[in-house]
Amino acid sequence: MIDTSARARSMTASATTSSAVRALVARNQRRPTLRRMNRHEATSASATAMGELSMHTWRGHKVAYRQAGASGTPIVLIHGFGVSSFQFRDNIDVLAKSHRVFAIDLVGFGSSSQPDVPYEMEFWRDQVIDFVQNVVGEPAVLVGNSIGSLAAVHVAAEASDIAAGIVLINCAGGMNNKVKRLDGDFDGFGLQYKLVVPIFNVVLSIIDTVLKIESVAKPLFNNVRGEENVRGALENVYMNKSRVDDALVKSICGAASRDGAFRAFVNILTGPAGPRPEELMPSVKCPILILWGSRDTITPLDFPLGQYFVNLPKTRNLRTDFIEFDGQGHCVQDDKPTLVNDAVRDWVATL
């Protein structure tokens with residue numbers, strides 16, 4: 001059955017990090033922003049200058065990134081689908097007061113190259129590994145949202161020596177909507193959920209076919225990337241509609257208007273979803289902080305993936321902390337940045 005008893009608290013399952021856990025709990029008691037919070041309790045940080053974009057070359061592709069901060073444990077911020085490092089606009093400078101902070105644009109998004117190549121999670125995994133090794137230069141805490149979180153899990157599973165910890169903000173289950181189904185996914189759910197899965201798979205197969213027909217897919221893409229549609233999509237995800245401002249919309253539409261955007265878009269949507277986080281987790285050896293918005297409709301907390309992460313602190317034998325943000329959605333790092341800034345800063349201080 002679905003276990004919801006783990007909600008609204010920060011938990012850990014590691015005996016070897018008990019002192020750090022006590023410090024985290026004590027800090028949480030002093031700072032209620034790290035517990036279950038009402039979305040009206042904290043105010044959003046004002047927009048800050050994030051620093052100029054720099055470029056790094058990886059496998060012949062340009063990797064755009066922002067950098068701030070002179071010292072402290074490095075933090076690498078990894079965005080989600082369709083956006084860019086711009087979405088960390090109110091996280092970078094705040095975290096940079098005590099850390100070296102880097103925010104990258106995954107290849108295919110933002111200001112990074114948009115090559116017409118096969119995309120898969122392992123592609124972005126290798127991009128992040130190279131970035132930490134050759135730009136950051138030392139192990140870093142990886143903070144991701146959505147597929148950025150999934151990329152962080154991939155990195156930690158593949159290259160444990162460069163991940164000092166990972167922070168997963170509403171982690172995705174796959175690179176795209178073709179998320180792999182695991183046995184037992186809907187155990188404890190109503191029959192209607194189990195019946196809809198094969199129908200959903202057929203629909204995704206049809207979409208895949210349509211997207212590979214350029215004469216059909218190109219007009220669809222041109223429509224989707226329009227400012228009005230982008231704004232509407234964001235407003236369906238953000239809880240605080242005022243955060244969906246012109247700057248955010250233009251950062252997405254600008255990237256989607258570049259020459260390589262269409263082919264990258266199609267290749268990402270029609271590529272393999274890749275392994276689920278559950279399958280990668282046994283190889284992850286670093287501490288994990290899981291942050292989740294209770295009103296996320298993209299990766300709902302009460303669906304199989306969300307329930308897996310709710311219960312992970314009880315089933316994993318390494319340090320694993322979970323914080324639910326009451327009333328928040330899928331992109332809480334930008335929707336209510338102070339929540340994520342406080343959580344990340346206080347958690348990293350205990351590592």
# chains A, B, ... in the order shown; residues from 1 in each chain; ligands from 1
>>> residues_around(residues="Arg59 in chain A", least_positions_apart="2", cutoff="12 Å", atoms="only C-alpha atoms", output="PyMOL selection string")
chain A and resi 56-57+61-63+107+113+115+117+123-124+126-127+130-131
>>> write_last_selection(atoms="N, CA and C atoms", output="mmCIF file, in the first residue's frame")
data_model
loop_
_atom_site.group_PDB
_atom_site.id
_atom_site.type_symbol
_atom_site.label_atom_id
_atom_site.label_comp_id
_atom_site.auth_asym_id
_atom_site.auth_seq_id
_atom_site.Cartn_x
_atom_site.Cartn_y
_atom_site.Cartn_z
ATOM 1 N N HIS A 56 32.759 26.289 -21.965
ATOM 2 C CA HIS A 56 33.681 25.165 -21.850
ATOM 3 C C HIS A 56 33.397 24.249 -23.033
ATOM 4 N N THR A 57 34.415 23.599 -23.562
ATOM 5 C CA THR A 57 34.216 22.704 -24.703
ATOM 6 C C THR A 57 34.308 21.255 -24.249
ATOM 7 N N HIS A 61 31.423 20.194 -28.328
ATOM 8 C CA HIS A 61 30.211 20.974 -28.067
ATOM 9 C C HIS A 61 30.525 22.095 -27.084
ATOM 10 N N LYS A 62 29.916 23.239 -27.268
ATOM 11 C CA LYS A 62 30.052 24.342 -26.341
ATOM 12 C C LYS A 62 29.119 24.133 -25.158
ATOM 13 N N VAL A 63 29.673 24.235 -23.968
ATOM 14 C CA VAL A 63 28.899 24.097 -22.730
ATOM 15 C C VAL A 63 28.890 25.450 -22.028
ATOM 16 N N VAL A 107 23.845 20.311 -22.760
ATOM 17 C CA VAL A 107 23.914 20.368 -24.223
ATOM 18 C C VAL A 107 22.520 20.079 -24.789
ATOM 19 N N SER A 113 25.635 24.238 -26.982
ATOM 20 C CA SER A 113 25.416 23.729 -28.338
ATOM 21 C C SER A 113 24.128 22.916 -28.395
ATOM 22 N N PRO A 115 23.411 20.219 -30.838
ATOM 23 C CA PRO A 115 23.775 19.355 -31.955
ATOM 24 C C PRO A 115 22.658 18.373 -32.315
ATOM 25 N N VAL A 117 22.306 15.106 -32.552
ATOM 26 C CA VAL A 117 22.936 13.851 -32.150
ATOM 27 C C VAL A 117 21.932 13.059 -31.321
ATOM 28 N N PHE A 123 24.487 10.670 -21.901
ATOM 29 C CA PHE A 123 25.149 11.776 -22.614
ATOM 30 C C PHE A 123 25.341 12.949 -21.657
ATOM 31 N N TRP A 124 24.270 13.326 -20.978
ATOM 32 C CA TRP A 124 24.366 14.429 -20.010
ATOM 33 C C TRP A 124 25.170 14.038 -18.779
ATOM 34 N N ASP A 126 27.818 12.180 -18.773
ATOM 35 C CA ASP A 126 29.221 12.354 -19.137
ATOM 36 C C ASP A 126 29.585 13.831 -19.252
ATOM 37 N N GLN A 127 28.632 14.655 -19.687
ATOM 38 C CA GLN A 127 28.884 16.093 -19.755
ATOM 39 C C GLN A 127 29.165 16.661 -18.358
ATOM 40 N N ASP A 130 32.570 15.438 -16.923
ATOM 41 C CA ASP A 130 33.668 16.207 -17.517
ATOM 42 C C ASP A 130 33.736 17.608 -16.930
ATOM 43 N N PHE A 131 32.569 18.217 -16.727
ATOM 44 C CA PHE A 131 32.538 19.593 -16.200
ATOM 45 C C PHE A 131 33.127 19.655 -14.795
#
>>> residues_around(residues="Ile147 in chain A", least_positions_apart="2", cutoff="9 Å", atoms="only C-alpha atoms", output="MDAnalysis selection string")
chainID A and resid 78:81 121 144:145 149:152 170:176
>>> closest_residue(among="A:Leu234, A:Ile166, A:Ile129, A:Leu291", to="Gln333 in chain A", atoms="only C-alpha atoms")
A:Leu291
>>> closest_residue(among="A:Asn341, A:Phe262, A:Cys331, A:Lys180", to="Ser215 in chain A", atoms="only C-alpha atoms")
A:Phe262
>>> atom_distance(atom1="CA of Pro277 in chain A", atom2="CA of Val153 in chain A")
6.8 Å
>>> residues_around(residues="Ser251 in chain A", least_positions_apart="5", cutoff="9 Å", atoms="only C-alpha atoms", output="list in words")
Val83, Ser84, Phe86, Gln87, Gly110, Asp246 and Ala256 of chain A
>>> write_last_selection(atoms="N, CA, C and O atoms", output="mmCIF file, in the first residue's frame")
data_model
loop_
_atom_site.group_PDB
_atom_site.id
_atom_site.type_symbol
_atom_site.label_atom_id
_atom_site.label_comp_id
_atom_site.auth_asym_id
_atom_site.auth_seq_id
_atom_site.Cartn_x
_atom_site.Cartn_y
_atom_site.Cartn_z
ATOM 1 N N VAL A 83 14.539 24.247 -20.034
ATOM 2 C CA VAL A 83 14.972 25.522 -19.464
ATOM 3 C C VAL A 83 16.498 25.613 -19.531
ATOM 4 O O VAL A 83 17.116 25.040 -20.413
ATOM 5 N N SER A 84 17.094 26.348 -18.610
ATOM 6 C CA SER A 84 18.543 26.543 -18.645
ATOM 7 C C SER A 84 19.017 26.994 -17.273
ATOM 8 O O SER A 84 18.231 27.065 -16.314
ATOM 9 N N PHE A 86 19.468 29.802 -16.381
ATOM 10 C CA PHE A 86 18.759 31.026 -16.003
ATOM 11 C C PHE A 86 17.744 30.757 -14.901
ATOM 12 O O PHE A 86 17.454 31.634 -14.085
ATOM 13 N N GLN A 87 17.196 29.550 -14.846
ATOM 14 C CA GLN A 87 16.171 29.243 -13.851
ATOM 15 C C GLN A 87 16.731 29.224 -12.430
ATOM 16 O O GLN A 87 15.973 29.219 -11.461
ATOM 17 N N GLY A 110 19.430 25.941 -23.467
ATOM 18 C CA GLY A 110 20.049 27.209 -23.098
ATOM 19 C C GLY A 110 20.998 27.730 -24.148
ATOM 20 O O GLY A 110 20.702 27.728 -25.340
ATOM 21 N N ASP A 246 8.680 38.074 -17.868
ATOM 22 C CA ASP A 246 9.176 38.160 -19.246
ATOM 23 C C ASP A 246 10.591 37.594 -19.376
ATOM 24 O O ASP A 246 10.913 36.950 -20.379
ATOM 25 N N ALA A 256 14.944 28.285 -27.733
ATOM 26 C CA ALA A 256 14.130 27.481 -28.656
ATOM 27 C C ALA A 256 14.106 28.050 -30.064
ATOM 28 O O ALA A 256 13.653 27.376 -31.001
#
>>> residues_around(residues="range 72-74 of chain A", least_positions_apart="6", cutoff="10 Å", atoms="only C-alpha atoms", output="number ranges by chain")
A: 95-102, 132, 136-142, 164, 348-349, 351
>>> write_last_selection(atoms="all heavy atoms", output="short mmCIF file (atom, residue, chain, number, x, y, z; two decimals), in the first residue's frame")
data_model
loop_
_atom_site.label_atom_id
_atom_site.label_comp_id
_atom_site.auth_asym_id
_atom_site.auth_seq_id
_atom_site.Cartn_x
_atom_site.Cartn_y
_atom_site.Cartn_z
N LEU A 95 23.82 31.29 -2.80
CA LEU A 95 24.66 30.17 -2.43
C LEU A 95 26.15 30.52 -2.55
O LEU A 95 26.99 29.97 -1.83
CB LEU A 95 24.34 28.95 -3.29
CG LEU A 95 22.93 28.36 -3.10
CD1 LEU A 95 22.68 27.24 -4.12
CD2 LEU A 95 22.74 27.84 -1.68
N ALA A 96 26.46 31.45 -3.45
CA ALA A 96 27.86 31.83 -3.68
C ALA A 96 28.45 32.62 -2.51
O ALA A 96 29.66 32.83 -2.46
CB ALA A 96 27.98 32.65 -4.97
N LYS A 97 27.63 33.04 -1.56
CA LYS A 97 28.16 33.73 -0.39
C LYS A 97 29.02 32.80 0.46
O LYS A 97 29.89 33.27 1.21
CB LYS A 97 27.01 34.30 0.45
CG LYS A 97 26.25 35.42 -0.24
CD LYS A 97 25.07 35.88 0.60
CE LYS A 97 24.29 36.99 -0.11
NZ LYS A 97 23.10 37.42 0.67
N SER A 98 28.78 31.49 0.35
CA SER A 98 29.55 30.54 1.14
C SER A 98 30.09 29.37 0.33
O SER A 98 30.66 28.43 0.90
CB SER A 98 28.70 30.01 2.30
OG SER A 98 27.46 29.52 1.83
N HIS A 99 29.89 29.41 -1.00
CA HIS A 99 30.32 28.29 -1.84
C HIS A 99 30.79 28.77 -3.20
O HIS A 99 30.39 29.86 -3.66
CB HIS A 99 29.17 27.30 -2.05
CG HIS A 99 28.66 26.68 -0.79
ND1 HIS A 99 29.29 25.62 -0.20
CD2 HIS A 99 27.60 27.01 0.00
CE1 HIS A 99 28.63 25.30 0.91
NE2 HIS A 99 27.60 26.12 1.05
N ARG A 100 31.61 27.96 -3.85
CA ARG A 100 31.85 28.14 -5.28
C ARG A 100 30.65 27.52 -5.99
O ARG A 100 30.34 26.35 -5.80
CB ARG A 100 33.13 27.45 -5.72
CG ARG A 100 34.41 27.99 -5.10
CD ARG A 100 35.57 27.08 -5.44
NE ARG A 100 35.82 27.03 -6.88
CZ ARG A 100 36.26 25.96 -7.53
NH1 ARG A 100 36.49 24.82 -6.89
NH2 ARG A 100 36.46 25.99 -8.84
N VAL A 101 29.97 28.32 -6.81
CA VAL A 101 28.74 27.85 -7.44
C VAL A 101 28.87 27.89 -8.96
O VAL A 101 29.35 28.88 -9.53
CB VAL A 101 27.53 28.71 -7.00
CG1 VAL A 101 26.25 28.23 -7.68
CG2 VAL A 101 27.38 28.67 -5.49
N PHE A 102 28.44 26.82 -9.59
CA PHE A 102 28.45 26.70 -11.05
C PHE A 102 27.05 26.26 -11.48
O PHE A 102 26.47 25.36 -10.88
CB PHE A 102 29.47 25.66 -11.51
CG PHE A 102 30.87 25.90 -11.05
CD1 PHE A 102 31.28 25.52 -9.78
CD2 PHE A 102 31.79 26.51 -11.89
CE1 PHE A 102 32.57 25.74 -9.35
CE2 PHE A 102 33.10 26.74 -11.47
CZ PHE A 102 33.49 26.36 -10.19
N VAL A 132 32.74 18.73 -13.95
CA VAL A 132 33.27 18.73 -12.58
C VAL A 132 34.77 18.47 -12.60
O VAL A 132 35.54 19.13 -11.89
CB VAL A 132 32.55 17.68 -11.71
CG1 VAL A 132 33.20 17.57 -10.33
CG2 VAL A 132 31.06 18.02 -11.57
N VAL A 136 35.32 22.57 -12.54
CA VAL A 136 35.26 22.73 -11.08
C VAL A 136 36.57 22.32 -10.45
O VAL A 136 37.12 23.02 -9.60
CB VAL A 136 34.09 21.91 -10.50
CG1 VAL A 136 34.02 22.08 -8.98
CG2 VAL A 136 32.76 22.34 -11.14
N GLY A 137 37.09 21.16 -10.84
CA GLY A 137 38.42 20.74 -10.40
C GLY A 137 38.48 20.01 -9.08
O GLY A 137 39.57 19.65 -8.61
N GLU A 138 37.33 19.75 -8.46
CA GLU A 138 37.29 19.00 -7.19
C GLU A 138 35.88 18.46 -7.00
O GLU A 138 34.94 18.93 -7.66
CB GLU A 138 37.70 19.89 -6.02
CG GLU A 138 36.78 21.10 -5.80
CD GLU A 138 37.20 21.93 -4.60
OE1 GLU A 138 37.32 21.37 -3.49
OE2 GLU A 138 37.40 23.15 -4.79
N PRO A 139 35.70 17.47 -6.13
CA PRO A 139 34.35 16.93 -5.91
C PRO A 139 33.36 18.02 -5.54
O PRO A 139 33.69 18.97 -4.82
CB PRO A 139 34.56 15.93 -4.77
CG PRO A 139 35.99 15.52 -4.89
CD PRO A 139 36.73 16.75 -5.35
N ALA A 140 32.14 17.88 -6.03
CA ALA A 140 31.13 18.92 -5.83
C ALA A 140 29.81 18.31 -5.37
O ALA A 140 29.55 17.11 -5.58
CB ALA A 140 30.91 19.69 -7.13
N VAL A 141 28.99 19.14 -4.77
CA VAL A 141 27.61 18.77 -4.48
C VAL A 141 26.79 19.10 -5.72
O VAL A 141 26.81 20.25 -6.19
CB VAL A 141 27.07 19.52 -3.26
CG1 VAL A 141 25.57 19.24 -3.07
CG2 VAL A 141 27.83 19.13 -2.00
N LEU A 142 26.08 18.13 -6.25
CA LEU A 142 25.28 18.32 -7.46
C LEU A 142 23.84 18.57 -7.07
O LEU A 142 23.23 17.75 -6.37
CB LEU A 142 25.38 17.09 -8.36
CG LEU A 142 26.79 16.57 -8.68
CD1 LEU A 142 26.71 15.32 -9.53
CD2 LEU A 142 27.62 17.65 -9.36
N ALA A 164 30.26 14.85 -4.02
CA ALA A 164 30.34 14.96 -2.57
C ALA A 164 28.97 14.77 -1.93
O ALA A 164 28.86 14.48 -0.75
CB ALA A 164 30.91 16.33 -2.19
N VAL A 348 24.42 21.25 3.18
CA VAL A 348 25.82 21.14 2.76
C VAL A 348 26.76 21.44 3.93
O VAL A 348 27.83 20.84 4.05
CB VAL A 348 26.11 22.06 1.56
CG1 VAL A 348 27.60 22.06 1.22
CG2 VAL A 348 25.30 21.63 0.34
N ALA A 349 26.33 22.33 4.82
CA ALA A 349 27.17 22.67 5.97
C ALA A 349 27.39 21.50 6.91
O ALA A 349 28.33 21.49 7.69
CB ALA A 349 26.53 23.83 6.74
N LEU A 351 27.86 18.33 5.83
CA LEU A 351 28.60 17.24 5.14
C LEU A 351 30.06 17.19 5.63
O LEU A 351 30.64 18.21 5.96
CB LEU A 351 28.56 17.44 3.63
CG LEU A 351 27.17 17.38 2.99
CD1 LEU A 351 27.28 17.61 1.49
CD2 LEU A 351 26.48 16.05 3.29
#
>>> closest_residue(among="A:Phe303, A:Tyr308, A:Phe109, A:Phe322", to="Ile252 in chain A", atoms="only C-alpha atoms")
A:Phe109
>>> atom_distance(atom1="CA of Val310 in chain A", atom2="CA of Asp346 in chain A")
20.2 Å
>>> closest_residue(among="A:Leu280, A:Ala217, A:Glu158, A:Asp335", to="Val244 in chain A", atoms="only C-alpha atoms")
A:Asp335
>>> residues_around(residues="Val249 in chain A", least_positions_apart="5", cutoff="8 Å", atoms="only C-alpha atoms", output="JSON, numbers by chain")
{"A": [227, 230, 231, 244]}
>>> closest_residue(among="A:Pro313, A:Gly148, A:Pro304, A:Gly82", to="Leu168 in chain A", atoms="only C-alpha atoms")
A:Gly148
>>> decode(residues="range 149-190 of chain A", atoms="N, CA and C atoms", output="mmCIF file, in the first residue's frame")
data_model
loop_
_atom_site.group_PDB
_atom_site.id
_atom_site.type_symbol
_atom_site.label_atom_id
_atom_site.label_comp_id
_atom_site.auth_asym_id
_atom_site.auth_seq_id
_atom_site.Cartn_x
_atom_site.Cartn_y
_atom_site.Cartn_z
ATOM 1 N N SER A 149 18.056 16.516 -11.746
ATOM 2 C CA SER A 149 18.223 15.615 -10.606
ATOM 3 C C SER A 149 18.600 14.220 -11.079
ATOM 4 N N LEU A 150 17.912 13.762 -12.115
ATOM 5 C CA LEU A 150 18.206 12.432 -12.646
ATOM 6 C C LEU A 150 19.640 12.368 -13.162
ATOM 7 N N ALA A 151 20.107 13.438 -13.807
ATOM 8 C CA ALA A 151 21.505 13.497 -14.252
ATOM 9 C C ALA A 151 22.453 13.389 -13.062
ATOM 10 N N ALA A 152 22.101 14.047 -11.952
ATOM 11 C CA ALA A 152 22.935 13.987 -10.753
ATOM 12 C C ALA A 152 23.010 12.563 -10.211
ATOM 13 N N VAL A 153 21.891 11.837 -10.236
ATOM 14 C CA VAL A 153 21.887 10.442 -9.796
ATOM 15 C C VAL A 153 22.793 9.609 -10.697
ATOM 16 N N HIS A 154 22.700 9.827 -12.010
ATOM 17 C CA HIS A 154 23.554 9.117 -12.958
ATOM 18 C C HIS A 154 25.033 9.373 -12.661
ATOM 19 N N VAL A 155 25.378 10.622 -12.414
ATOM 20 C CA VAL A 155 26.775 10.975 -12.150
ATOM 21 C C VAL A 155 27.263 10.293 -10.880
ATOM 22 N N ALA A 156 26.461 10.385 -9.813
ATOM 23 C CA ALA A 156 26.863 9.795 -8.535
ATOM 24 C C ALA A 156 27.012 8.282 -8.641
ATOM 25 N N ALA A 157 26.175 7.652 -9.470
ATOM 26 C CA ALA A 157 26.253 6.206 -9.644
ATOM 27 C C ALA A 157 27.469 5.784 -10.467
ATOM 28 N N GLU A 158 27.861 6.627 -11.411
ATOM 29 C CA GLU A 158 28.948 6.301 -12.333
ATOM 30 C C GLU A 158 30.310 6.751 -11.825
ATOM 31 N N ALA A 159 30.371 7.892 -11.163
ATOM 32 C CA ALA A 159 31.651 8.488 -10.754
ATOM 33 C C ALA A 159 31.540 8.992 -9.323
ATOM 34 N N SER A 160 31.551 8.072 -8.384
ATOM 35 C CA SER A 160 31.327 8.428 -6.980
ATOM 36 C C SER A 160 32.408 9.353 -6.432
ATOM 37 N N ASP A 161 33.575 9.369 -7.064
ATOM 38 C CA ASP A 161 34.674 10.168 -6.551
ATOM 39 C C ASP A 161 34.481 11.666 -6.779
ATOM 40 N N ILE A 162 33.550 12.055 -7.649
ATOM 41 C CA ILE A 162 33.376 13.488 -7.913
ATOM 42 C C ILE A 162 32.091 14.050 -7.307
ATOM 43 N N ALA A 163 31.251 13.201 -6.726
ATOM 44 C CA ALA A 163 30.002 13.657 -6.134
ATOM 45 C C ALA A 163 30.126 13.653 -4.614
ATOM 46 N N ALA A 164 30.262 14.849 -4.023
ATOM 47 C CA ALA A 164 30.342 14.964 -2.570
ATOM 48 C C ALA A 164 28.975 14.768 -1.930
ATOM 49 N N GLY A 165 27.945 14.933 -2.732
ATOM 50 C CA GLY A 165 26.562 14.769 -2.301
ATOM 51 C C GLY A 165 25.673 15.163 -3.454
ATOM 52 N N ILE A 166 24.415 14.736 -3.411
ATOM 53 C CA ILE A 166 23.470 15.150 -4.451
ATOM 54 C C ILE A 166 22.186 15.655 -3.800
ATOM 55 N N VAL A 167 21.642 16.712 -4.374
ATOM 56 C CA VAL A 167 20.374 17.290 -3.930
ATOM 57 C C VAL A 167 19.391 17.146 -5.079
ATOM 58 N N LEU A 168 18.300 16.432 -4.842
ATOM 59 C CA LEU A 168 17.333 16.113 -5.880
ATOM 60 C C LEU A 168 16.051 16.902 -5.643
ATOM 61 N N ILE A 169 15.771 17.834 -6.546
ATOM 62 C CA ILE A 169 14.568 18.657 -6.444
ATOM 63 C C ILE A 169 13.531 18.094 -7.408
ATOM 64 N N ASN A 170 12.517 17.418 -6.884
ATOM 65 C CA ASN A 170 11.461 16.829 -7.716
ATOM 66 C C ASN A 170 12.069 16.029 -8.872
ATOM 67 N N CYS A 171 12.773 14.980 -8.518
ATOM 68 C CA CYS A 171 13.534 14.191 -9.490
ATOM 69 C C CYS A 171 12.632 13.557 -10.548
ATOM 70 N N ALA A 172 13.094 13.559 -11.784
ATOM 71 C CA ALA A 172 12.373 12.918 -12.884
ATOM 72 C C ALA A 172 12.658 11.423 -12.895
ATOM 73 N N GLY A 173 11.773 10.671 -13.559
ATOM 74 C CA GLY A 173 11.961 9.231 -13.667
ATOM 75 C C GLY A 173 12.648 8.809 -14.943
ATOM 76 N N GLY A 174 12.754 9.733 -15.920
ATOM 77 C CA GLY A 174 13.397 9.420 -17.186
ATOM 78 C C GLY A 174 13.666 10.688 -17.968
ATOM 79 N N MET A 175 14.360 10.562 -19.102
ATOM 80 C CA MET A 175 14.709 11.733 -19.901
ATOM 81 C C MET A 175 13.486 12.401 -20.510
ATOM 82 N N ASN A 176 12.449 11.617 -20.750
ATOM 83 C CA ASN A 176 11.242 12.151 -21.375
ATOM 84 C C ASN A 176 10.033 11.403 -20.802
ATOM 85 N N ASN A 177 8.882 11.546 -21.459
ATOM 86 C CA ASN A 177 7.652 10.938 -20.933
ATOM 87 C C ASN A 177 7.608 9.421 -21.058
ATOM 88 N N LYS A 178 8.556 8.845 -21.778
ATOM 89 C CA LYS A 178 8.568 7.382 -21.944
ATOM 90 C C LYS A 178 9.242 6.703 -20.749
ATOM 91 N N VAL A 179 8.826 7.095 -19.566
ATOM 92 C CA VAL A 179 9.449 6.584 -18.351
ATOM 93 C C VAL A 179 9.234 5.077 -18.238
ATOM 94 N N LYS A 180 10.313 4.388 -17.956
ATOM 95 C CA LYS A 180 10.272 2.934 -17.823
ATOM 96 C C LYS A 180 9.346 2.527 -16.685
ATOM 97 N N ARG A 181 8.515 1.509 -16.920
ATOM 98 C CA ARG A 181 7.633 0.993 -15.875
ATOM 99 C C ARG A 181 8.315 -0.156 -15.154
ATOM 100 N N LEU A 182 8.251 -0.134 -13.831
ATOM 101 C CA LEU A 182 8.847 -1.180 -13.020
ATOM 102 C C LEU A 182 7.757 -2.043 -12.395
ATOM 103 N N ASP A 183 8.091 -3.292 -12.132
ATOM 104 C CA ASP A 183 7.142 -4.179 -11.470
ATOM 105 C C ASP A 183 6.730 -3.577 -10.131
ATOM 106 N N GLY A 184 5.447 -3.590 -9.869
ATOM 107 C CA GLY A 184 4.953 -3.080 -8.595
ATOM 108 C C GLY A 184 4.715 -1.589 -8.572
ATOM 109 N N ASP A 185 4.909 -0.908 -9.711
ATOM 110 C CA ASP A 185 4.748 0.541 -9.750
ATOM 111 C C ASP A 185 3.421 1.010 -9.167
ATOM 112 N N PHE A 186 2.338 0.315 -9.511
ATOM 113 C CA PHE A 186 1.027 0.780 -9.070
ATOM 114 C C PHE A 186 0.372 -0.186 -8.072
ATOM 115 N N ASP A 187 1.189 -0.964 -7.369
ATOM 116 C CA ASP A 187 0.643 -1.784 -6.296
ATOM 117 C C ASP A 187 0.048 -0.871 -5.227
ATOM 118 N N GLY A 188 -1.168 -1.161 -4.830
ATOM 119 C CA GLY A 188 -1.826 -0.324 -3.838
ATOM 120 C C GLY A 188 -2.636 0.800 -4.434
ATOM 121 N N PHE A 189 -2.532 0.988 -5.745
ATOM 122 C CA PHE A 189 -3.324 1.987 -6.439
ATOM 123 C C PHE A 189 -4.596 1.341 -6.990
ATOM 124 N N GLY A 190 -5.553 2.149 -7.359
ATOM 125 C CA GLY A 190 -6.777 1.647 -7.952
ATOM 126 C C GLY A 190 -6.518 1.005 -9.300
#
